[in-house]
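Data block for structure-v7.pdb (PDB, C-alpha atoms):
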ATOM      1  CA  MET A  20     -87.676 180.623-210.814
ATOM      2  CA  TYR A  21     -89.789 177.974-209.171
ATOM      3  CA  ASP A  22     -93.155 178.719-210.749
ATOM      4  CA  ALA A  23     -95.777 176.777-212.680
ATOM      5  CA  GLN A  24     -94.288 177.647-216.061
ATOM      6  CA  ALA A  25     -90.891 176.347-214.963
ATOM      7  CA  VAL A  26     -92.176 172.956-213.843
ATOM      8  CA  GLN A  27     -94.253 172.680-217.024
ATOM      9  CA  THR A  28     -91.125 173.316-219.067
ATOM     10  CA  LEU A  29     -89.311 170.667-217.035
ATOM     11  CA  SER A  30     -92.004 168.070-217.737
ATOM     12  CA  GLY A  31     -91.970 169.140-221.394
ATOM     13  CA  CYS A  32     -88.223 168.450-221.490
ATOM     14  CA  LEU A  33     -88.784 164.943-220.151
ATOM     15  CA  LEU A  34     -91.444 164.317-222.789
ATOM     16  CA  ARG A  35     -89.160 165.504-225.586
ATOM     17  CA  LEU A  36     -86.345 163.319-224.263
ATOM     18  CA  LYS A  37     -88.666 160.315-224.254
ATOM     19  CA  GLU A  38     -89.677 161.088-227.838
ATOM     20  CA  GLY A  39     -86.046 161.491-228.895
ATOM     21  CA  LYS A  40     -86.520 165.138-229.877
ATOM     22  CA  GLY A  41     -83.899 166.659-227.590
ATOM     23  CA  ILE A  42     -84.374 169.743-225.461
ATOM     24  CA  GLY A  43     -82.777 172.432-227.595
ATOM     25  CA  THR A  44     -85.993 174.392-228.131
ATOM     26  CA  LEU A  45     -86.862 174.390-224.428
ATOM     27  CA  VAL A  46     -83.510 175.123-222.788
ATOM     28  CA  SER A  47     -81.266 177.753-224.322
ATOM     29  CA  GLU A  48     -77.516 177.465-224.018
ATOM     30  CA  GLU A  49     -77.504 180.762-222.102
ATOM     31  CA  GLU A  50     -79.676 179.217-219.373
ATOM     32  CA  ALA A  51     -77.584 176.077-218.971
ATOM     33  CA  GLU A  52     -74.914 176.447-216.335
ATOM     34  CA  LEU A  53     -73.224 173.224-217.475
ATOM     35  CA  PRO A  54     -73.174 173.289-221.298
ATOM     36  CA  LYS A  55     -71.673 169.800-221.540
ATOM     37  CA  VAL A  56     -74.621 168.329-219.658
ATOM     38  CA  MET A  57     -77.128 170.158-221.819
ATOM     39  CA  THR A  58     -75.277 169.208-224.993
ATOM     40  CA  ARG A  59     -75.515 165.527-224.079
ATOM     41  CA  LEU A  60     -79.234 165.888-223.466
ATOM     42  CA  LYS A  61     -79.694 167.524-226.850
ATOM     43  CA  GLN A  62     -78.320 164.308-228.377
ATOM     44  CA  PHE A  63     -80.327 162.036-226.063
ATOM     45  CA  ASP A  64     -81.573 158.761-227.559
ATOM     46  CA  PRO A  65     -84.196 157.127-225.272
ATOM     47  CA  THR A  66     -83.607 153.717-226.839
ATOM     48  CA  LYS A  67     -79.900 153.770-225.952
ATOM     49  CA  ASN A  68     -79.373 156.273-223.154
ATOM     50  CA  GLY A  69     -80.467 156.941-219.602
ATOM     51  CA  LEU A  70     -80.089 159.993-217.394
ATOM     52  CA  SER A  71     -77.309 160.293-214.833
ATOM     53  CA  ILE A  72     -78.069 161.823-211.453
ATOM     54  CA  ASN A  73     -76.042 164.886-212.451
ATOM     55  CA  GLU A  74     -78.095 165.286-215.628
ATOM     56  CA  ILE A  75     -81.357 164.954-213.695
ATOM     57  CA  VAL A  76     -80.173 167.522-211.148
ATOM     58  CA  HIS A  77     -78.705 170.057-213.564
ATOM     59  CA  LEU A  78     -81.672 169.922-215.926
ATOM     60  CA  ALA A  79     -84.007 170.811-213.055
ATOM     61  CA  ASN A  80     -81.686 173.480-211.685
ATOM     62  CA  ALA A  81     -81.296 175.093-215.113
ATOM     63  CA  LEU A  82     -85.063 175.525-215.341
ATOM     64  CA  ILE A  83     -86.251 175.924-211.759
ATOM     65  CA  GLY A  84     -83.217 177.462-210.079
ATOM     66  CA  GLU A  85     -80.514 176.108-207.787
ATOM     67  CA  HIS A  86     -82.317 173.954-205.271
ATOM     68  CA  MET A  87     -81.718 170.296-206.095
ATOM     69  CA  SER A  88     -78.645 168.486-204.759
ATOM     70  CA  ALA A  89     -76.988 165.475-206.389
ATOM     71  CA  THR A  90     -76.001 164.244-202.922
ATOM     72  CA  THR A  91     -79.632 164.220-201.814
ATOM     73  CA  ILE A  92     -80.717 162.303-204.911
ATOM     74  CA  GLN A  93     -77.929 159.781-204.409
ATOM     75  CA  ASN A  94     -79.125 159.197-200.853
ATOM     76  CA  TRP A  95     -82.654 158.654-202.126
ATOM     77  CA  THR A  96     -81.571 156.155-204.772
ATOM     78  CA  LYS A  97     -79.281 154.230-202.426
ATOM     79  CA  ARG A  98     -81.291 154.127-199.234
ATOM     80  CA  GLU A  99     -84.235 156.277-198.348
ATOM     81  CA  VAL A 100     -86.713 155.769-201.198
ATOM     82  CA  ARG A 101     -84.891 153.317-203.419
ATOM     83  CA  ASP A 102     -87.936 151.044-203.439
ATOM     84  CA  ILE A 103     -90.025 153.704-205.203
ATOM     85  CA  ILE A 104     -87.337 155.004-207.606
ATOM     86  CA  GLY A 105     -85.996 151.551-208.481
ATOM     87  CA  VAL A 106     -82.569 150.445-209.618
ATOM     88  CA  PRO A 107     -80.778 152.332-212.419
ATOM     89  CA  HIS A 108     -82.348 151.699-215.806
ATOM     90  CA  ARG A 109     -79.112 151.270-217.736
ATOM     91  CA  GLY A 110     -75.731 151.021-216.046
ATOM     92  CA  LYS A 111     -75.708 153.879-213.532
ATOM     93  CA  LYS A 112     -78.325 155.860-215.416
ATOM     94  CA  TYR A 113     -82.029 156.260-214.861
ATOM     95  CA  SER A 114     -85.038 156.204-217.178
ATOM     96  CA  ILE A 115     -87.283 159.157-218.027
ATOM     97  CA  ASN A 116     -89.958 157.662-215.761
ATOM     98  CA  GLN A 117     -87.496 157.452-212.881
ATOM     99  CA  ALA A 118     -86.490 161.082-213.436
ATOM    100  CA  ALA A 119     -90.169 162.053-213.220
ATOM    101  CA  ILE A 120     -90.447 160.240-209.868
ATOM    102  CA  ILE A 121     -87.355 162.050-208.570
ATOM    103  CA  TYR A 122     -88.853 165.415-209.518
ATOM    104  CA  LEU A 123     -92.090 164.454-207.768
ATOM    105  CA  LEU A 124     -90.162 163.474-204.653
ATOM    106  CA  ASP A 125     -88.443 166.848-204.697
ATOM    107  CA  ASP A 126     -91.809 168.623-204.563
ATOM    108  CA  LEU A 127     -93.446 166.248-202.095
ATOM    109  CA  LYS A 128     -90.628 166.530-199.541
ATOM    110  CA  HIS A 129     -91.941 169.955-198.526
ATOM    111  CA  LEU A 130     -95.151 168.481-197.132
ATOM    112  CA  PHE A 131     -94.666 164.753-196.543
ATOM    113  CA  SER A 132     -91.990 162.610-194.953
ATOM    114  CA  LEU A 133     -90.085 160.280-197.272
ATOM    115  CA  GLU A 134     -91.987 157.336-195.805
ATOM    116  CA  GLU A 135     -95.336 159.047-196.443
ATOM    117  CA  THR A 136     -94.202 159.913-199.968
ATOM    118  CA  ARG A 137     -93.166 156.324-200.637
ATOM    119  CA  GLU A 138     -96.560 155.035-199.468
ATOM    120  CA  LEU A 139     -98.405 157.667-201.501
ATOM    121  CA  LEU A 140     -96.600 157.070-204.792
ATOM    122  CA  THR A 141     -96.783 153.297-204.373
ATOM    123  CA  ILE A 142    -100.553 153.638-204.825
ATOM    124  CA  VAL A 143    -100.041 154.545-208.493
ATOM    125  CA  PHE A 144     -96.530 153.215-209.191
ATOM    126  CA  LYS A 145     -96.413 149.666-207.881
ATOM    127  CA  ASN A 146     -93.104 147.911-208.491
ATOM    128  CA  PRO A 147     -90.626 150.552-209.745
ATOM    129  CA  ASN A 148     -88.804 147.933-211.809
ATOM    130  CA  ILE A 149     -91.974 146.759-213.617
ATOM    131  CA  ASP A 150     -93.784 149.372-215.718
ATOM    132  CA  GLU A 151     -96.754 147.168-216.551
ATOM    133  CA  ASP A 152     -98.275 147.234-213.051
ATOM    134  CA  ASP A 153     -98.464 151.036-212.799
ATOM    135  CA  LEU A 154    -101.904 152.670-212.829
ATOM    136  CA  ILE A 155    -100.283 155.397-214.937
ATOM    137  CA  SER A 156     -96.738 155.892-216.159
ATOM    138  CA  PRO A 157     -94.694 158.232-213.929
ATOM    139  CA  LEU A 158     -94.059 160.560-216.874
ATOM    140  CA  ASP A 159     -97.759 160.822-217.745
ATOM    141  CA  PHE A 160     -98.535 161.421-214.075
ATOM    142  CA  TYR A 161     -95.887 164.163-213.911
ATOM    143  CA  LEU A 162     -97.200 165.771-217.100
ATOM    144  CA  VAL A 163    -100.752 165.940-215.716
ATOM    145  CA  TYR A 164     -99.423 167.190-212.377
ATOM    146  CA  THR A 165     -97.487 170.043-213.980
ATOM    147  CA  GLN A 166    -100.409 170.909-216.273
ATOM    148  CA  HIS A 167    -102.386 171.712-213.122
ATOM    149  CA  ALA A 168     -99.500 173.343-211.241
ATOM    150  CA  GLU A 169    -101.196 176.757-211.351
ATOM    151  CA  THR A 170    -104.221 175.449-209.461
ATOM    152  CA  SER A 171    -105.661 178.031-207.096
ATOM    153  CA  GLY A 172    -108.532 177.786-204.650
ATOM    154  CA  PRO A 173    -109.570 174.538-202.925
ATOM    155  CA  ILE A 174    -107.694 171.669-204.524
ATOM    156  CA  GLU A 175    -110.723 169.409-204.038
ATOM    157  CA  LEU A 176    -112.353 171.356-206.875
ATOM    158  CA  THR A 177    -109.732 170.076-209.314
ATOM    159  CA  GLU A 178    -111.259 166.568-209.360
ATOM    160  CA  LYS A 179    -113.274 167.064-212.564
ATOM    161  CA  ARG A 180    -110.401 168.748-214.385
ATOM    162  CA  LEU A 181    -107.946 166.062-213.338
ATOM    163  CA  ARG A 182    -110.381 163.376-214.423
ATOM    164  CA  ARG A 183    -110.704 164.958-217.878
ATOM    165  CA  SER A 184    -106.921 165.193-218.218
ATOM    166  CA  LEU A 185    -106.511 161.530-217.282
ATOM    167  CA  GLU A 186    -109.349 160.388-219.535
ATOM    168  CA  ARG A 187    -107.652 162.044-222.510
ATOM    169  CA  ILE A 188    -104.712 159.672-222.054
ATOM    170  CA  ASN A 189    -106.867 156.685-221.025
ATOM    171  CA  ALA A 190    -105.412 156.680-217.521
ATOM    172  CA  TYR A 191    -108.338 157.664-215.311
ATOM    173  CA  ARG A 192    -108.590 155.953-211.950
ATOM    174  CA  PRO A 193    -110.074 157.515-208.788
ATOM    175  CA  GLU A 194    -106.900 156.601-206.879
ATOM    176  CA  THR A 195    -104.783 158.513-209.376
ATOM    177  CA  VAL A 196    -106.903 161.637-208.933
ATOM    178  CA  HIS A 197    -106.520 161.459-205.154
ATOM    179  CA  VAL A 198    -102.747 161.092-205.378
ATOM    180  CA  LEU A 199    -102.547 163.968-207.865
ATOM    181  CA  GLN A 200    -104.509 166.212-205.533
ATOM    182  CA  LEU A 201    -102.136 165.478-202.672
ATOM    183  CA  CYS A 202     -99.179 166.195-204.935
ATOM    184  CA  LEU A 203    -100.745 169.550-205.813
ATOM    185  CA  TYR A 204    -100.995 170.377-202.109
ATOM    186  CA  ALA A 205     -97.287 169.655-201.783
ATOM    187  CA  ARG A 206     -96.567 171.697-204.905
ATOM    188  CA  ARG A 207     -98.388 174.658-203.403
ATOM    189  CA  ILE A 208     -96.445 174.368-200.126
ATOM    190  CA  SER A 209     -93.203 174.100-202.082
ATOM    191  CA  HIS A 210     -93.984 177.252-204.045
ATOM    192  CA  LEU A 211     -94.998 179.200-200.935
ATOM    193  CA  THR A 212     -91.857 178.098-199.088
ATOM    194  CA  HIS A 213     -89.676 179.307-201.955
ATOM    195  CA  GLU A 214     -91.557 182.607-202.155
ATOM    196  CA  ALA A 215     -91.344 183.145-198.390
ATOM    197  CA  LYS A 216     -87.570 182.610-198.411
ATOM    198  CA  GLN A 217     -87.158 185.106-201.244
ATOM    199  CA  ARG A 218     -89.217 187.690-199.372
ATOM    200  CA  LEU A 219     -87.267 187.045-196.173
ATOM    201  CA  GLN A 220     -83.988 187.748-197.959
ATOM    202  CA  HIS A 221     -85.475 190.918-199.412
ATOM    203  CA  VAL A 222     -86.620 192.139-195.994
ATOM    204  CA  LEU A 223     -83.331 191.277-194.291
ATOM    205  CA  HIS A 224     -81.234 193.046-196.889
ATOM    206  CA  THR A 225     -83.239 196.241-197.398
TER     207      THR A 225
END

Would it be possible to restate this file's structure as structure tokens?
Amino acid sequence: MYDAQAVQTLSGCLLRLKEGKGIGTLVSEEEAELPKVMTRLKQFDPTKNGLSINEIVHLANALIGEHMSATTIQNWTKREVRDIIGVPHRGKKYSINQAAIIYLLDDLKHLFSLEETRELLTIVFKNPNIDEDDLISPLDFYLVYTQHAETSGPIELTEKRLRRSLERINAYRPETVHVLQLCLYARRISHLTHEAKQRLQHVLHT
């Protein structure tokens, strides 16, 4: 299920992990296809732990459906968009903010090239290895983005609502609103692509 509620739950999981609350109330054991992965995340300590690529992938797939590949993410982190994701936060593991960027990249790939995505996200996330120069933290950006995932009608009309959301967390900048709007375009394309494929399968097999 790749709908607005699913991506909101995914961002909520990241927030709970950052706060050290675990994800038990958001992801049931029945939904998790890899219980060991989910068990580790239930014990996640943000001051000591990071997220492996497998954990990032399986958390998303448990909530949104099988679509994200660990191989693809590894390619991103090693070559294609390493300069926007950054180096692993701890050992071979990534921070909550880096996971949020990876989930954004997964949505944006349906509309923009990786080079376009890198240029777009660099507007708000400067040096991926230095949090202090960001216009907004990647997690906060992802939370606002998923809050508005159900946007319908012209996306330009979301400007006031996005501004209010950003002002509530003291992160309003015009540039951030513009990047969020473009991400919402990509989100809409991503959703429509998924829906079209489902309908195609239905038509072909009925």

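Of the residues listed (A:Asp22, A:Asp152, A:Asp102, A:Glu38), A:Asp102 shows the shortest atom-to-atom separation from Glu138 in chain A; distances use only C-alpha atoms.
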
Do a neighbour search on range 109-115 of chain A at 9 Å with all atoms listed in the file, toss out local chain neighbours closer than 4 positions, and write the hits as a VMD selection string.
chain A and resid 33 to 34 36 to 37 65 67 to 72 75 105 119 to 120 157 to 158

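CA of Thr91 in chain A is found 28.8 Å from CA of Glu194 in chain A.
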
Non-local contacts of Ile155 in chain A (9 Å; all atoms listed in the file; under 5 positions in same chain excluded) as a PyMOL selection string
chain A and resi 143-144+150+160+190-192+195

Which residues come within 12 Å of Tyr161 in chain A, counting all atoms listed in the file, excluding same-chain residues fewer than 5 positions away, as number ranges by chain?
A: 26-34, 115-124, 126, 140, 143-144, 155-156, 166-168, 184-185, 195, 198-199, 202-203, 206

How would the residues just chosen look if you wrote them out with C-alpha atoms as an mmCIF file, keeping the file's coordinate frame?
data_model
loop_
_atom_site.group_PDB
_atom_site.id
_atom_site.type_symbol
_atom_site.label_atom_id
_atom_site.label_comp_id
_atom_site.auth_asym_id
_atom_site.auth_seq_id
_atom_site.Cartn_x
_atom_site.Cartn_y
_atom_site.Cartn_z
ATOM 1 C CA VAL A 26 -92.176 172.956 -213.843
ATOM 2 C CA GLN A 27 -94.253 172.680 -217.024
ATOM 3 C CA THR A 28 -91.125 173.316 -219.067
ATOM 4 C CA LEU A 29 -89.311 170.667 -217.035
ATOM 5 C CA SER A 30 -92.004 168.070 -217.737
ATOM 6 C CA GLY A 31 -91.970 169.140 -221.394
ATOM 7 C CA CYS A 32 -88.223 168.450 -221.490
ATOM 8 C CA LEU A 33 -88.784 164.943 -220.151
ATOM 9 C CA LEU A 34 -91.444 164.317 -222.789
ATOM 10 C CA ILE A 115 -87.283 159.157 -218.027
ATOM 11 C CA ASN A 116 -89.958 157.662 -215.761
ATOM 12 C CA GLN A 117 -87.496 157.452 -212.881
ATOM 13 C CA ALA A 118 -86.490 161.082 -213.436
ATOM 14 C CA ALA A 119 -90.169 162.053 -213.220
ATOM 15 C CA ILE A 120 -90.447 160.240 -209.868
ATOM 16 C CA ILE A 121 -87.355 162.050 -208.570
ATOM 17 C CA TYR A 122 -88.853 165.415 -209.518
ATOM 18 C CA LEU A 123 -92.090 164.454 -207.768
ATOM 19 C CA LEU A 124 -90.162 163.474 -204.653
ATOM 20 C CA ASP A 126 -91.809 168.623 -204.563
ATOM 21 C CA LEU A 140 -96.600 157.070 -204.792
ATOM 22 C CA VAL A 143 -100.041 154.545 -208.493
ATOM 23 C CA PHE A 144 -96.530 153.215 -209.191
ATOM 24 C CA ILE A 155 -100.283 155.397 -214.937
ATOM 25 C CA SER A 156 -96.738 155.892 -216.159
ATOM 26 C CA GLN A 166 -100.409 170.909 -216.273
ATOM 27 C CA HIS A 167 -102.386 171.712 -213.122
ATOM 28 C CA ALA A 168 -99.500 173.343 -211.241
ATOM 29 C CA SER A 184 -106.921 165.193 -218.218
ATOM 30 C CA LEU A 185 -106.511 161.530 -217.282
ATOM 31 C CA THR A 195 -104.783 158.513 -209.376
ATOM 32 C CA VAL A 198 -102.747 161.092 -205.378
ATOM 33 C CA LEU A 199 -102.547 163.968 -207.865
ATOM 34 C CA CYS A 202 -99.179 166.195 -204.935
ATOM 35 C CA LEU A 203 -100.745 169.550 -205.813
ATOM 36 C CA ARG A 206 -96.567 171.697 -204.905
#

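Checking A:Asn94, A:Lys179, A:Ala25, A:Tyr164 one by one against Ala79 in chain A, counting only C-alpha atoms, you find the shortest gap at A:Ala25.
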
Quick one: residues within 7 Å of Leu130 in chain A, only C-alpha atoms counted, chain neighbours fewer than 3 positions away excluded, as a PDB file with C-alpha atoms, in the frame of the given file?
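The resulting file, result_13.pdb, is shown below:
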ATOM      1  CA  LEU A 127     -93.446 166.248-202.095  1.00  0.00           C
ATOM      2  CA  ALA A 205     -97.287 169.655-201.783  1.00  0.00           C
ATOM      3  CA  ILE A 208     -96.445 174.368-200.126  1.00  0.00           C
TER       4      ILE A 208
END

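For the point (-79.9, 162.2, -208.5), the residues with at least one atom inside 6 Å, counting only C-alpha atoms, are Ile72, Val76, Ala89, Ile92 and Gln93 of chain A.
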
When you count only C-alpha atoms, which of these residues is closest to Thr170 in chain A: A:Arg187, A:Pro147, A:Glu135, A:His210?
A:His210

Centre and edge lengths, as JSON, for the axis-aligned box enclosing every listed atom of range 165-173 of chain A with 5 Å of padding on each of the six sides, in Å to one decimal?
{"center_x": -103.5, "center_y": 174.0, "center_z": -209.6, "size_x": 22.1, "size_y": 18.0, "size_z": 23.3}

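Using only C-alpha atoms, the shortest contact distance between Pro107 in chain A and any of A:Gln220, A:Arg183, A:Leu211, A:Asn148 is found at A:Asn148.
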
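Among the candidates A:Lys145, A:His86, A:Pro173, A:Asn73, the residue lying nearest to Asp125 in chain A is A:His86 (atoms considered: all atoms listed in the file).
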
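A straight line drawn from CA of Lys61 in chain A to CA of Gly39 in chain A is 9.0 Å long.
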
In Å and to one decimal, CA of Pro193 in chain A is distant from CA of Phe131 in chain A by 21.0 Å

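Every residue that the PyMOL selection byres ((chain A and resi 62) around 9) selects in this file is listed here: Gly39, Lys40, Gly41, Ile42, Met57, Thr58, Arg59, Leu60, Lys61, Phe63 and Asp64 of chain A.
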
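Among the candidates A:Ile149, A:Leu219, A:Val100, A:Leu154, the one nearest to Lys128 in chain A when counting only C-alpha atoms is A:Val100.
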